[in-house]
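Peer 1: Let me give you the structure first, and then I'll get to my questions.
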Amino acid sequence: MVLLTRKIEFAASHRYHNPDFSPEENRRVFGKCNNPHGHGHNYTLEVTVAGEPDPVTGMVLDLKDLKEILEREVMQRMDHRFLNYEVPELAGQIPTCENIALVIWNLLDPQIKQGKLHRVRLYETPDLFADCYRNSANGAKA
Amino acid sequence: MDIGAQNAAVKVALGRRYHFAASHRLHNPALSEEENWRLYGKCNNPYGHGHNYTVEVLVSGKVDPATGMIANLADLDGFVQSEVLEPFDHKSLNEDVAAFQSTVPTTENLCIEIYRRLKPFPKAKLECVRVQETSNNSFEYAGDHPEGFEG
């Protein structure tokens, strides 16, 4: 099995706020991420696909195809957007790194037809990231 | 399928990097001076030397729908601060950390010691600790799990 990783970057704003919490609770749990007008990050997304190279093309999947999928599913949806208000998949959720990575996993997984989505890693800053993996109860590598 | 929901098919982990600076000396008192020098080279310099270490901590768990988080970063940061950064930052690993009185503070052993200190983190499951000694070498430890997080 070979792992192939493509990286893209997008910029977006967000705000952490749970309407079920009191204003004090929101500030206590989310700190400055609760700022009413939001704030933003340069996100770096690493998408890893696992598979065997095709004997004819030598590719796990065509990087052009992956690039198009990432452009359509991630860039057009999230780049230069306010994630809370403009990304329907995140509606009603706190747009943390964990939740954004999970949405990206769920968007990409059905689109990867050659090879299999192996890992989504989303960096919010160079020191903070979330990973999504296929959960394999028996411990076998997905 | 609710596209935003975490389901059993997907595992989510949170990774966080921390930085500290410390000195160490690689020296095994059970070996002769010549053997120490041959084995550890300039890392055996009697006065020690230092590095800017980067520690990457990976924790996993269920994403709490109320907060969107596996663990609140403030809790993780506070735990790493008290268990690792305060005792290690701007210290001599050999002289100031009890575990390295009897163990050579290679980055392999440092990685295991940091894992041991962080394993009791109560809010999420520690998956793996990766310690970068310089930008050219890093070490990873995932407890007894031989293949690490992905295994």
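Every chain in the structure tokens takes a letter, A first, then B, and so on in the order presented; its residues are numbered from 1, and the ligands are numbered from 1 following the presented order.
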Run DSSP on the backbone and grab whatever in stretch 68-131 of chain B lands in helix (DSSP H, G or I); send it over as a ChimeraX atom specification.

Peer 2: /B:73-88,93-96,98-101,107-118

Peer 1: Restrict the distance test to only C-alpha atoms, flag each residue of chain A within 9 Å of chain B, and return the flagged residues as a PyMOL selection string.

Peer 2: chain A and resi 16-18+20-21+29-30+89-91+93-107+123+126-137+139-142

Peer 1: What lies within 12 Å of A:Asn42 using only C-alpha atoms, ignoring chain neighbours under 2 positions off, as a list in words?

Peer 2: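 Everything that qualifies: Ile8, Glu9, Phe10, Ala11, Ala12, Ser13, His14, His39, Gly40, Thr44, Leu45, Met78, Asp79, His80, Arg81, Cys97, Leu122, Tyr123, Glu124, Thr125, Pro126 and Leu128 of chain A.
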
Peer 1: What's the 8 Å shell around stretch 110-127 of chain B, counting only C-alpha atoms, without same-chain residues fewer than 2 positions away, as a list in words?

Peer 2: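 What passes the distance filter is Val57, Leu58, Val59, Ser60, Gly61, Ile70, Ala71, Asp75, Leu76, Phe79, Val80, Glu83, Val84, Ala99, Pro105, Thr106, Thr107, Glu108, Val129, Arg130, Val131, Phe139, Glu140, Tyr141, Ala142, Gly143, Gly148 and Phe149 of chain B.
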
Peer 1: Using only C-alpha atoms, which protein or nucleic acid residues come within 8 Å of B:Lys91? Drop anything in the same chain fewer than 2 positions from it, and give the result as a PyMOL selection string.

Peer 2: chain B and resi 21-23+87-89+93+95-96

Peer 1: Next, dump the selected residues to file, keeping only N, CA and C atoms, as a PDB file, in the first residue's frame.

Peer 2:
ATOM      1  N   ALA B  21      13.101  24.550  25.754  1.00  0.00           N
ATOM      2  CA  ALA B  21      14.546  24.513  25.531  1.00  0.00           C
ATOM      3  C   ALA B  21      15.189  23.901  26.769  1.00  0.00           C
ATOM      4  N   ALA B  22      16.131  22.983  26.544  1.00  0.00           N
ATOM      5  CA  ALA B  22      16.778  22.334  27.688  1.00  0.00           C
ATOM      6  C   ALA B  22      18.165  21.845  27.267  1.00  0.00           C
ATOM      7  N   SER B  23      18.977  21.573  28.274  1.00  0.00           N
ATOM      8  CA  SER B  23      20.300  21.019  27.964  1.00  0.00           C
ATOM      9  C   SER B  23      20.353  19.565  28.401  1.00  0.00           C
ATOM     10  N   PRO B  87       8.625  21.598  34.398  1.00  0.00           N
ATOM     11  CA  PRO B  87       9.805  20.859  34.882  1.00  0.00           C
ATOM     12  C   PRO B  87      10.967  20.767  33.891  1.00  0.00           C
ATOM     13  N   PHE B  88      10.709  20.969  32.578  1.00  0.00           N
ATOM     14  CA  PHE B  88      11.775  20.748  31.591  1.00  0.00           C
ATOM     15  C   PHE B  88      12.342  22.031  30.974  1.00  0.00           C
ATOM     16  N   ASP B  89      11.506  23.074  30.874  1.00  0.00           N
ATOM     17  CA  ASP B  89      11.946  24.241  30.097  1.00  0.00           C
ATOM     18  C   ASP B  89      13.061  25.008  30.807  1.00  0.00           C
ATOM     19  N   LEU B  93      18.331  18.496  31.693  1.00  0.00           N
ATOM     20  CA  LEU B  93      17.566  17.250  31.850  1.00  0.00           C
ATOM     21  C   LEU B  93      18.293  16.298  32.798  1.00  0.00           C
ATOM     22  N   GLU B  95      20.396  16.993  35.308  1.00  0.00           N
ATOM     23  CA  GLU B  95      20.505  17.446  36.701  1.00  0.00           C
ATOM     24  C   GLU B  95      19.150  17.727  37.338  1.00  0.00           C
ATOM     25  N   ASP B  96      18.194  18.188  36.536  1.00  0.00           N
ATOM     26  CA  ASP B  96      16.953  18.709  37.110  1.00  0.00           C
ATOM     27  C   ASP B  96      15.754  17.771  37.013  1.00  0.00           C
TER      28      ASP B  96
END

Peer 1: With DSSP run on the backbone, what are the strand (DSSP E or B) residues within stretch 81-139 of chain A? I'd like them as a PyMOL selection string.

Peer 2: chain A and resi 81-82+116-125+128-134

Peer 1: Restricted to C-alpha atoms, what would the selected residues look like written as a PDB file, in the first residue's frame?

Peer 2:
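Dumped everything to again-v9.pdb:
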ATOM      1  CA  ARG A  81     -15.875  32.244   4.155  1.00  0.00           C
ATOM      2  CA  PHE A  82     -17.258  32.757   7.639  1.00  0.00           C
ATOM      3  CA  LYS A 116      -9.274   4.973  -0.128  1.00  0.00           C
ATOM      4  CA  LEU A 117      -9.280   8.086   2.011  1.00  0.00           C
ATOM      5  CA  HIS A 118      -6.757   7.353   4.766  1.00  0.00           C
ATOM      6  CA  ARG A 119      -6.322  10.505   6.790  1.00  0.00           C
ATOM      7  CA  VAL A 120      -7.527  14.088   6.912  1.00  0.00           C
ATOM      8  CA  ARG A 121      -5.268  16.411   8.882  1.00  0.00           C
ATOM      9  CA  LEU A 122      -6.382  20.001   9.323  1.00  0.00           C
ATOM     10  CA  TYR A 123      -3.981  22.557  10.812  1.00  0.00           C
ATOM     11  CA  GLU A 124      -5.579  25.637  12.321  1.00  0.00           C
ATOM     12  CA  THR A 125      -2.135  26.970  13.247  1.00  0.00           C
ATOM     13  CA  LEU A 128      -2.751  22.891  16.467  1.00  0.00           C
ATOM     14  CA  PHE A 129      -4.353  20.278  14.245  1.00  0.00           C
ATOM     15  CA  ALA A 130      -7.076  17.639  14.116  1.00  0.00           C
ATOM     16  CA  ASP A 131      -6.798  14.222  12.459  1.00  0.00           C
ATOM     17  CA  CYS A 132      -9.569  12.003  11.109  1.00  0.00           C
ATOM     18  CA  TYR A 133      -8.966   8.321  10.447  1.00  0.00           C
ATOM     19  CA  ARG A 134     -11.132   5.420   9.486  1.00  0.00           C
TER      20      ARG A 134
END

Peer 1: Could you check how far atom CA of B:Thr134 sits from atom CA of B:Val97, in Å to one decimal?

Peer 2: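 Rounded to one decimal, the two atoms are 20.6 Å apart.
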
Peer 1: Would you mind reading off the distance between atom CA of B:Glu86 and atom CA of B:Ser102, one decimal, in Å?

Peer 2: 20.8 Å

Peer 1: Residues at most 10 Å from A:Leu4, counting only C-alpha atoms, excluding those fewer than 2 positions away in the same chain, as a VMD selection string?

Peer 2: chain A and resid 1 to 2 6 46 to 51 59 to 61 63 115 117 to 118

Peer 1: Could you tell me how far atom CA of B:Val104 sits from atom CA of B:Leu26, in Å to one decimal place?

Peer 2: 5.8 Å

Peer 1: Have a look at B:Pro29, B:Asn94, B:Phe100, B:His51 and name the one nearest to B:Glu133; count only C-alpha atoms.

Peer 2: B:His51
